[in-house]
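First comes the structure, then the notes that go with it.
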Amino acid sequence: MGTYPFQDRPPLVAVTREGMYCAAGDFHIDPWRPVERALITHAHGDHARTGHQRYLAAEPGLPLLRKRLGDVALQTLPYGERLDIHGVTVSFHSAGHVLGSAQLRLEHRGEVWVVSGVRL
Ligand SMILES: [Zn+2]
């Protein structure tokens, strides 16, 4: 058995000091400390924080995110639309939580992860 018990490569998403981090795509998800690129699942304050360089979120959440974050560098994607970030295909899918809330789908080299946006 190698370093990783269930596969031959590191997990696509890992928890770091700043929050969840996708090393392959070099972005964070709902980070709690300032980072360069933050993918945001929804506009609640424990997910969408100020202080990041760039934001990416689902388009329907734009009004709420603008209200919370102000005039930040915020790019949005319609639900289901895919974006390639350094070889990681990301897309947002409705989470039915608050307006514009999303689950985040990540695909990299045949591996698919879903980040629900729910904190347990
Ligand atoms: Zn929430």
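FYI, nothing fancy with the structure tokens labels: chains A, B, ... in order, residues from 1 per chain, ligands from 1 as they appear.
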Expected answer as a ChimeraX atom specification: residues within 12 Å of ligand 1, only C-alpha atoms and all ligand atoms:
/A:30,40-48,95-103,116-120
Can you check which residues of chain A DSSP gives as alpha helix (DSSP H) on the backbone and send them as a PyMOL selection string?
chain A and resi 62-69
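Ranking A:Leu104, A:Leu39, A:Ala23, A:Glu18 by their shortest atom-to-atom distance to A:His86, with only C-alpha atoms included, puts A:Ala23 first.
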Neighbouring residues of stretch 87-93 of chain A were defined as those with any atom within 10 Å, considering only C-alpha atoms; residues of the same chain fewer than 3 positions away were excluded. Please report them as an NGL selection string.
:A and (12 or 22-26 or 39-41 or 56-59 or 76-84 or 96 or 100-109 or 111-116)
Those same residues - N, CA, C and O atoms - I'd like them written as a short mmCIF file (atom, residue, chain, number, x, y, z; two decimals), in the first residue's frame.
```
data_model
loop_
_atom_site.label_atom_id
_atom_site.label_comp_id
_atom_site.auth_asym_id
_atom_site.auth_seq_id
_atom_site.Cartn_x
_atom_site.Cartn_y
_atom_site.Cartn_z
N LEU A 12 -7.78 15.12 -4.51
CA LEU A 12 -7.97 16.31 -5.35
C LEU A 12 -8.21 17.54 -4.48
O LEU A 12 -7.83 18.65 -4.84
N CYS A 22 -7.62 22.87 -3.72
CA CYS A 22 -7.39 21.97 -4.84
C CYS A 22 -6.04 22.33 -5.43
O CYS A 22 -5.92 23.35 -6.14
N ALA A 23 -5.04 21.53 -5.14
CA ALA A 23 -3.68 21.84 -5.59
C ALA A 23 -3.56 21.77 -7.11
O ALA A 23 -2.89 22.60 -7.73
N ALA A 24 -4.24 20.80 -7.73
CA ALA A 24 -4.14 20.64 -9.18
C ALA A 24 -4.63 21.90 -9.89
O ALA A 24 -4.04 22.33 -10.89
N GLY A 25 -5.69 22.50 -9.41
CA GLY A 25 -6.24 23.69 -10.02
C GLY A 25 -5.75 24.98 -9.39
O GLY A 25 -6.04 26.06 -9.87
N ASP A 26 -5.02 24.85 -8.29
CA ASP A 26 -4.51 25.99 -7.53
C ASP A 26 -5.62 26.98 -7.16
O ASP A 26 -5.54 28.18 -7.43
N LEU A 39 -13.21 29.80 -4.88
CA LEU A 39 -14.47 29.34 -5.44
C LEU A 39 -15.47 29.28 -4.29
O LEU A 39 -15.18 28.68 -3.26
N ILE A 40 -16.61 29.94 -4.47
CA ILE A 40 -17.55 30.13 -3.37
C ILE A 40 -18.84 29.35 -3.64
O ILE A 40 -19.45 29.52 -4.70
N THR A 41 -19.25 28.52 -2.68
CA THR A 41 -20.45 27.71 -2.90
C THR A 41 -21.73 28.51 -2.70
O THR A 41 -22.72 28.26 -3.37
N LEU A 56 -14.86 33.09 -7.77
CA LEU A 56 -15.67 32.44 -8.80
C LEU A 56 -16.86 31.79 -8.09
O LEU A 56 -16.68 31.11 -7.07
N ALA A 57 -18.07 32.03 -8.63
CA ALA A 57 -19.27 31.50 -7.99
C ALA A 57 -20.34 31.27 -9.03
O ALA A 57 -20.20 31.67 -10.19
N ALA A 58 -21.45 30.65 -8.61
CA ALA A 58 -22.57 30.42 -9.51
C ALA A 58 -23.29 31.74 -9.78
O ALA A 58 -23.52 32.54 -8.88
N GLU A 59 -23.68 31.92 -11.03
CA GLU A 59 -24.26 33.18 -11.49
C GLU A 59 -25.52 33.61 -10.71
O GLU A 59 -25.66 34.79 -10.39
N THR A 76 -18.65 34.85 -12.50
CA THR A 76 -19.69 33.86 -12.22
C THR A 76 -19.89 32.93 -13.41
O THR A 76 -19.57 33.28 -14.55
N LEU A 77 -20.43 31.77 -13.12
CA LEU A 77 -20.74 30.76 -14.13
C LEU A 77 -22.19 30.35 -13.97
O LEU A 77 -22.64 30.12 -12.84
N PRO A 78 -22.94 30.24 -15.07
CA PRO A 78 -24.29 29.66 -14.96
C PRO A 78 -24.19 28.24 -14.41
O PRO A 78 -23.18 27.56 -14.61
N TYR A 79 -25.25 27.80 -13.73
CA TYR A 79 -25.29 26.41 -13.27
C TYR A 79 -24.99 25.46 -14.43
O TYR A 79 -25.54 25.62 -15.54
N GLY A 80 -24.14 24.51 -14.19
CA GLY A 80 -23.88 23.47 -15.17
C GLY A 80 -22.80 23.81 -16.20
O GLY A 80 -22.31 22.91 -16.88
N GLU A 81 -22.46 25.09 -16.31
CA GLU A 81 -21.43 25.46 -17.29
C GLU A 81 -20.05 25.12 -16.74
O GLU A 81 -19.76 25.36 -15.58
N ARG A 82 -19.20 24.59 -17.62
CA ARG A 82 -17.89 24.11 -17.17
C ARG A 82 -16.81 25.13 -17.45
O ARG A 82 -16.86 25.85 -18.44
N LEU A 83 -15.86 25.17 -16.55
CA LEU A 83 -14.70 26.05 -16.72
C LEU A 83 -13.45 25.23 -16.39
O LEU A 83 -13.41 24.50 -15.40
N ASP A 84 -12.45 25.36 -17.24
CA ASP A 84 -11.19 24.66 -17.00
C ASP A 84 -10.23 25.56 -16.22
O ASP A 84 -9.94 26.67 -16.63
N GLY A 96 -29.94 24.06 -3.68
CA GLY A 96 -31.24 24.23 -3.04
C GLY A 96 -31.15 24.74 -1.62
O GLY A 96 -32.00 24.43 -0.78
N GLY A 100 -28.81 30.97 -5.39
CA GLY A 100 -27.49 30.89 -5.99
C GLY A 100 -26.55 29.90 -5.33
O GLY A 100 -25.39 29.81 -5.71
N SER A 101 -27.04 29.17 -4.34
CA SER A 101 -26.15 28.21 -3.67
C SER A 101 -25.82 27.07 -4.62
O SER A 101 -26.61 26.71 -5.49
N ALA A 102 -24.64 26.53 -4.45
CA ALA A 102 -24.18 25.52 -5.41
C ALA A 102 -23.37 24.43 -4.74
O ALA A 102 -22.69 24.65 -3.74
N GLN A 103 -23.51 23.25 -5.31
CA GLN A 103 -22.52 22.21 -5.09
C GLN A 103 -21.48 22.40 -6.19
O GLN A 103 -21.81 22.79 -7.30
N LEU A 104 -20.27 22.08 -5.86
CA LEU A 104 -19.18 22.30 -6.79
C LEU A 104 -18.67 20.95 -7.27
O LEU A 104 -18.30 20.09 -6.47
N ARG A 105 -18.70 20.78 -8.60
CA ARG A 105 -18.18 19.55 -9.19
C ARG A 105 -16.79 19.81 -9.74
O ARG A 105 -16.57 20.78 -10.46
N LEU A 106 -15.86 18.94 -9.39
CA LEU A 106 -14.48 19.05 -9.86
C LEU A 106 -14.12 17.77 -10.58
O LEU A 106 -14.39 16.68 -10.08
N GLU A 107 -13.52 17.92 -11.75
CA GLU A 107 -13.09 16.73 -12.49
C GLU A 107 -11.64 16.92 -12.93
O GLU A 107 -11.27 17.96 -13.49
N HIS A 108 -10.84 15.91 -12.63
CA HIS A 108 -9.42 16.00 -12.96
C HIS A 108 -8.90 14.61 -13.28
O HIS A 108 -8.97 13.71 -12.45
N ARG A 109 -8.40 14.42 -14.48
CA ARG A 109 -7.82 13.15 -14.91
C ARG A 109 -8.72 11.96 -14.57
O ARG A 109 -8.28 10.97 -13.99
N GLU A 111 -11.05 11.69 -12.42
CA GLU A 111 -11.53 11.62 -11.04
C GLU A 111 -12.54 12.73 -10.83
O GLU A 111 -12.32 13.86 -11.24
N VAL A 112 -13.66 12.45 -10.19
CA VAL A 112 -14.70 13.46 -9.97
C VAL A 112 -14.96 13.60 -8.47
O VAL A 112 -15.16 12.60 -7.77
N TRP A 113 -14.95 14.84 -8.02
CA TRP A 113 -15.29 15.15 -6.62
C TRP A 113 -16.46 16.11 -6.64
O TRP A 113 -16.59 16.92 -7.55
N VAL A 114 -17.30 16.03 -5.59
CA VAL A 114 -18.36 17.01 -5.42
C VAL A 114 -18.21 17.61 -4.02
O VAL A 114 -18.13 16.89 -3.03
N VAL A 115 -18.16 18.92 -3.97
CA VAL A 115 -18.12 19.64 -2.70
C VAL A 115 -19.52 20.19 -2.47
O VAL A 115 -20.02 20.99 -3.24
N SER A 116 -20.17 19.72 -1.42
CA SER A 116 -21.59 20.02 -1.23
C SER A 116 -21.83 21.45 -0.79
O SER A 116 -22.92 21.99 -0.97
#
```
Neighbour list for A:Asp71 as a count of residues only, cut-off 12 Å, only C-alpha atoms, skip fewer than 6 positions in-chain:
9
If you run DSSP on the backbone here, which positions in chain A get strand (DSSP E or B)? Please write them as a PDB file with N, CA and C atoms, in the first residue's frame.
```
ATOM      1  N   ALA A  14      -7.865  18.998  -0.447  1.00  0.00           N
ATOM      2  CA  ALA A  14      -7.336  18.751   0.894  1.00  0.00           C
ATOM      3  C   ALA A  14      -7.622  19.977   1.753  1.00  0.00           C
ATOM      4  N   VAL A  15      -7.654  19.784   3.052  1.00  0.00           N
ATOM      5  CA  VAL A  15      -7.882  20.913   3.952  1.00  0.00           C
ATOM      6  C   VAL A  15      -6.539  21.495   4.375  1.00  0.00           C
ATOM      7  N   THR A  16      -6.395  22.787   4.169  1.00  0.00           N
ATOM      8  CA  THR A  16      -5.175  23.493   4.548  1.00  0.00           C
ATOM      9  C   THR A  16      -5.529  24.562   5.582  1.00  0.00           C
ATOM     10  N   GLY A  19      -8.191  26.743   4.265  1.00  0.00           N
ATOM     11  CA  GLY A  19      -9.471  26.110   3.964  1.00  0.00           C
ATOM     12  C   GLY A  19      -9.269  24.994   2.951  1.00  0.00           C
ATOM     13  N   MET A  20     -10.358  24.543   2.328  1.00  0.00           N
ATOM     14  CA  MET A  20     -10.245  23.474   1.332  1.00  0.00           C
ATOM     15  C   MET A  20      -9.432  23.977   0.136  1.00  0.00           C
ATOM     16  N   TYR A  21      -8.514  23.127  -0.329  1.00  0.00           N
ATOM     17  CA  TYR A  21      -7.613  23.557  -1.396  1.00  0.00           C
ATOM     18  C   TYR A  21      -7.488  22.463  -2.448  1.00  0.00           C
ATOM     19  N   CYS A  22      -7.625  22.875  -3.716  1.00  0.00           N
ATOM     20  CA  CYS A  22      -7.393  21.971  -4.841  1.00  0.00           C
ATOM     21  C   CYS A  22      -6.043  22.332  -5.435  1.00  0.00           C
ATOM     22  N   PHE A  27      -6.671  26.457  -6.522  1.00  0.00           N
ATOM     23  CA  PHE A  27      -7.732  27.330  -6.000  1.00  0.00           C
ATOM     24  C   PHE A  27      -8.246  26.765  -4.682  1.00  0.00           C
ATOM     25  N   HIS A  28      -8.860  27.650  -3.916  1.00  0.00           N
ATOM     26  CA  HIS A  28      -9.478  27.258  -2.650  1.00  0.00           C
ATOM     27  C   HIS A  28     -10.996  27.263  -2.797  1.00  0.00           C
ATOM     28  N   ILE A  29     -11.654  26.552  -1.901  1.00  0.00           N
ATOM     29  CA  ILE A  29     -13.112  26.492  -1.898  1.00  0.00           C
ATOM     30  C   ILE A  29     -13.618  27.001  -0.556  1.00  0.00           C
ATOM     31  N   ARG A  37      -7.291  32.711  -5.250  1.00  0.00           N
ATOM     32  CA  ARG A  37      -8.484  32.372  -6.025  1.00  0.00           C
ATOM     33  C   ARG A  37      -9.439  31.554  -5.161  1.00  0.00           C
ATOM     34  N   ALA A  38     -10.628  32.101  -4.947  1.00  0.00           N
ATOM     35  CA  ALA A  38     -11.621  31.455  -4.095  1.00  0.00           C
ATOM     36  C   ALA A  38     -12.843  31.069  -4.905  1.00  0.00           C
ATOM     37  N   LEU A  39     -13.207  29.799  -4.880  1.00  0.00           N
ATOM     38  CA  LEU A  39     -14.471  29.343  -5.441  1.00  0.00           C
ATOM     39  C   LEU A  39     -15.467  29.281  -4.292  1.00  0.00           C
ATOM     40  N   ILE A  40     -16.614  29.936  -4.470  1.00  0.00           N
ATOM     41  CA  ILE A  40     -17.552  30.130  -3.367  1.00  0.00           C
ATOM     42  C   ILE A  40     -18.836  29.347  -3.643  1.00  0.00           C
ATOM     43  N   ARG A  54      -9.449  36.936  -6.030  1.00  0.00           N
ATOM     44  CA  ARG A  54     -10.409  36.671  -7.103  1.00  0.00           C
ATOM     45  C   ARG A  54     -11.443  35.673  -6.614  1.00  0.00           C
ATOM     46  N   TYR A  55     -12.672  35.828  -7.117  1.00  0.00           N
ATOM     47  CA  TYR A  55     -13.763  34.948  -6.717  1.00  0.00           C
ATOM     48  C   TYR A  55     -14.400  34.321  -7.953  1.00  0.00           C
ATOM     49  N   LEU A  56     -14.863  33.091  -7.775  1.00  0.00           N
ATOM     50  CA  LEU A  56     -15.672  32.441  -8.799  1.00  0.00           C
ATOM     51  C   LEU A  56     -16.857  31.791  -8.090  1.00  0.00           C
ATOM     52  N   ALA A  57     -18.066  32.030  -8.631  1.00  0.00           N
ATOM     53  CA  ALA A  57     -19.270  31.500  -7.986  1.00  0.00           C
ATOM     54  C   ALA A  57     -20.344  31.275  -9.031  1.00  0.00           C
ATOM     55  N   ALA A  58     -21.452  30.654  -8.605  1.00  0.00           N
ATOM     56  CA  ALA A  58     -22.573  30.418  -9.513  1.00  0.00           C
ATOM     57  C   ALA A  58     -23.292  31.739  -9.785  1.00  0.00           C
ATOM     58  N   LEU A  74     -15.092  39.377  -9.111  1.00  0.00           N
ATOM     59  CA  LEU A  74     -16.014  38.237  -9.002  1.00  0.00           C
ATOM     60  C   LEU A  74     -16.452  37.794 -10.386  1.00  0.00           C
ATOM     61  N   GLN A  75     -16.093  36.556 -10.717  1.00  0.00           N
ATOM     62  CA  GLN A  75     -16.536  35.945 -11.972  1.00  0.00           C
ATOM     63  C   GLN A  75     -17.618  34.935 -11.633  1.00  0.00           C
ATOM     64  N   THR A  76     -18.648  34.845 -12.499  1.00  0.00           N
ATOM     65  CA  THR A  76     -19.694  33.863 -12.220  1.00  0.00           C
ATOM     66  C   THR A  76     -19.890  32.935 -13.414  1.00  0.00           C
ATOM     67  N   LEU A  77     -20.431  31.770 -13.119  1.00  0.00           N
ATOM     68  CA  LEU A  77     -20.737  30.763 -14.134  1.00  0.00           C
ATOM     69  C   LEU A  77     -22.189  30.355 -13.965  1.00  0.00           C
ATOM     70  N   LEU A  83     -15.858  25.168 -16.548  1.00  0.00           N
ATOM     71  CA  LEU A  83     -14.698  26.046 -16.718  1.00  0.00           C
ATOM     72  C   LEU A  83     -13.449  25.234 -16.393  1.00  0.00           C
ATOM     73  N   ASP A  84     -12.446  25.357 -17.239  1.00  0.00           N
ATOM     74  CA  ASP A  84     -11.186  24.659 -16.999  1.00  0.00           C
ATOM     75  C   ASP A  84     -10.235  25.560 -16.216  1.00  0.00           C
ATOM     76  N   ILE A  85      -9.782  25.078 -15.087  1.00  0.00           N
ATOM     77  CA  ILE A  85      -8.802  25.822 -14.294  1.00  0.00           C
ATOM     78  C   ILE A  85      -7.568  24.937 -14.130  1.00  0.00           C
ATOM     79  N   VAL A  88      -8.313  21.312 -14.290  1.00  0.00           N
ATOM     80  CA  VAL A  88      -9.433  20.843 -13.469  1.00  0.00           C
ATOM     81  C   VAL A  88     -10.707  21.459 -14.035  1.00  0.00           C
ATOM     82  N   THR A  89     -11.664  20.620 -14.388  1.00  0.00           N
ATOM     83  CA  THR A  89     -12.943  21.107 -14.907  1.00  0.00           C
ATOM     84  C   THR A  89     -13.876  21.362 -13.731  1.00  0.00           C
ATOM     85  N   VAL A  90     -14.290  22.601 -13.575  1.00  0.00           N
ATOM     86  CA  VAL A  90     -15.178  22.928 -12.462  1.00  0.00           C
ATOM     87  C   VAL A  90     -16.544  23.342 -12.992  1.00  0.00           C
ATOM     88  N   SER A  91     -17.597  23.018 -12.246  1.00  0.00           N
ATOM     89  CA  SER A  91     -18.945  23.483 -12.573  1.00  0.00           C
ATOM     90  C   SER A  91     -19.760  23.551 -11.291  1.00  0.00           C
ATOM     91  N   PHE A  92     -20.715  24.491 -11.297  1.00  0.00           N
ATOM     92  CA  PHE A  92     -21.584  24.700 -10.136  1.00  0.00           C
ATOM     93  C   PHE A  92     -22.959  24.100 -10.429  1.00  0.00           C
ATOM     94  N   HIS A  93     -23.544  23.482  -9.422  1.00  0.00           N
ATOM     95  CA  HIS A  93     -24.855  22.840  -9.583  1.00  0.00           C
ATOM     96  C   HIS A  93     -25.719  23.206  -8.394  1.00  0.00           C
ATOM     97  N   SER A  94     -26.973  23.532  -8.666  1.00  0.00           N
ATOM     98  CA  SER A  94     -27.842  24.047  -7.605  1.00  0.00           C
ATOM     99  C   SER A  94     -27.835  23.143  -6.384  1.00  0.00           C
ATOM    100  N   ALA A 102     -24.639  26.528  -4.453  1.00  0.00           N
ATOM    101  CA  ALA A 102     -24.181  25.524  -5.408  1.00  0.00           C
ATOM    102  C   ALA A 102     -23.372  24.428  -4.735  1.00  0.00           C
ATOM    103  N   GLN A 103     -23.510  23.254  -5.310  1.00  0.00           N
ATOM    104  CA  GLN A 103     -22.523  22.212  -5.093  1.00  0.00           C
ATOM    105  C   GLN A 103     -21.479  22.399  -6.187  1.00  0.00           C
ATOM    106  N   LEU A 104     -20.265  22.082  -5.855  1.00  0.00           N
ATOM    107  CA  LEU A 104     -19.177  22.298  -6.786  1.00  0.00           C
ATOM    108  C   LEU A 104     -18.670  20.947  -7.274  1.00  0.00           C
ATOM    109  N   ARG A 105     -18.696  20.784  -8.598  1.00  0.00           N
ATOM    110  CA  ARG A 105     -18.182  19.545  -9.190  1.00  0.00           C
ATOM    111  C   ARG A 105     -16.791  19.807  -9.741  1.00  0.00           C
ATOM    112  N   LEU A 106     -15.857  18.942  -9.386  1.00  0.00           N
ATOM    113  CA  LEU A 106     -14.480  19.048  -9.859  1.00  0.00           C
ATOM    114  C   LEU A 106     -14.116  17.770 -10.577  1.00  0.00           C
ATOM    115  N   GLU A 107     -13.521  17.919 -11.752  1.00  0.00           N
ATOM    116  CA  GLU A 107     -13.091  16.734 -12.494  1.00  0.00           C
ATOM    117  C   GLU A 107     -11.643  16.919 -12.925  1.00  0.00           C
ATOM    118  N   HIS A 108     -10.838  15.912 -12.630  1.00  0.00           N
ATOM    119  CA  HIS A 108      -9.425  15.996 -12.964  1.00  0.00           C
ATOM    120  C   HIS A 108      -8.899  14.606 -13.284  1.00  0.00           C
ATOM    121  N   GLU A 111     -11.053  11.687 -12.418  1.00  0.00           N
ATOM    122  CA  GLU A 111     -11.532  11.621 -11.036  1.00  0.00           C
ATOM    123  C   GLU A 111     -12.539  12.729 -10.827  1.00  0.00           C
ATOM    124  N   VAL A 112     -13.663  12.446 -10.192  1.00  0.00           N
ATOM    125  CA  VAL A 112     -14.702  13.455  -9.968  1.00  0.00           C
ATOM    126  C   VAL A 112     -14.963  13.598  -8.467  1.00  0.00           C
ATOM    127  N   TRP A 113     -14.948  14.837  -8.016  1.00  0.00           N
ATOM    128  CA  TRP A 113     -15.294  15.147  -6.624  1.00  0.00           C
ATOM    129  C   TRP A 113     -16.464  16.114  -6.639  1.00  0.00           C
ATOM    130  N   VAL A 114     -17.301  16.025  -5.595  1.00  0.00           N
ATOM    131  CA  VAL A 114     -18.356  17.013  -5.417  1.00  0.00           C
ATOM    132  C   VAL A 114     -18.207  17.613  -4.019  1.00  0.00           C
ATOM    133  N   VAL A 115     -18.155  18.922  -3.973  1.00  0.00           N
ATOM    134  CA  VAL A 115     -18.120  19.643  -2.701  1.00  0.00           C
ATOM    135  C   VAL A 115     -19.522  20.185  -2.465  1.00  0.00           C
TER     136      VAL A 115
END
```
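Atom CA of A:Pro60 is positioned 29.4 Å from atom CA of A:Pro11.
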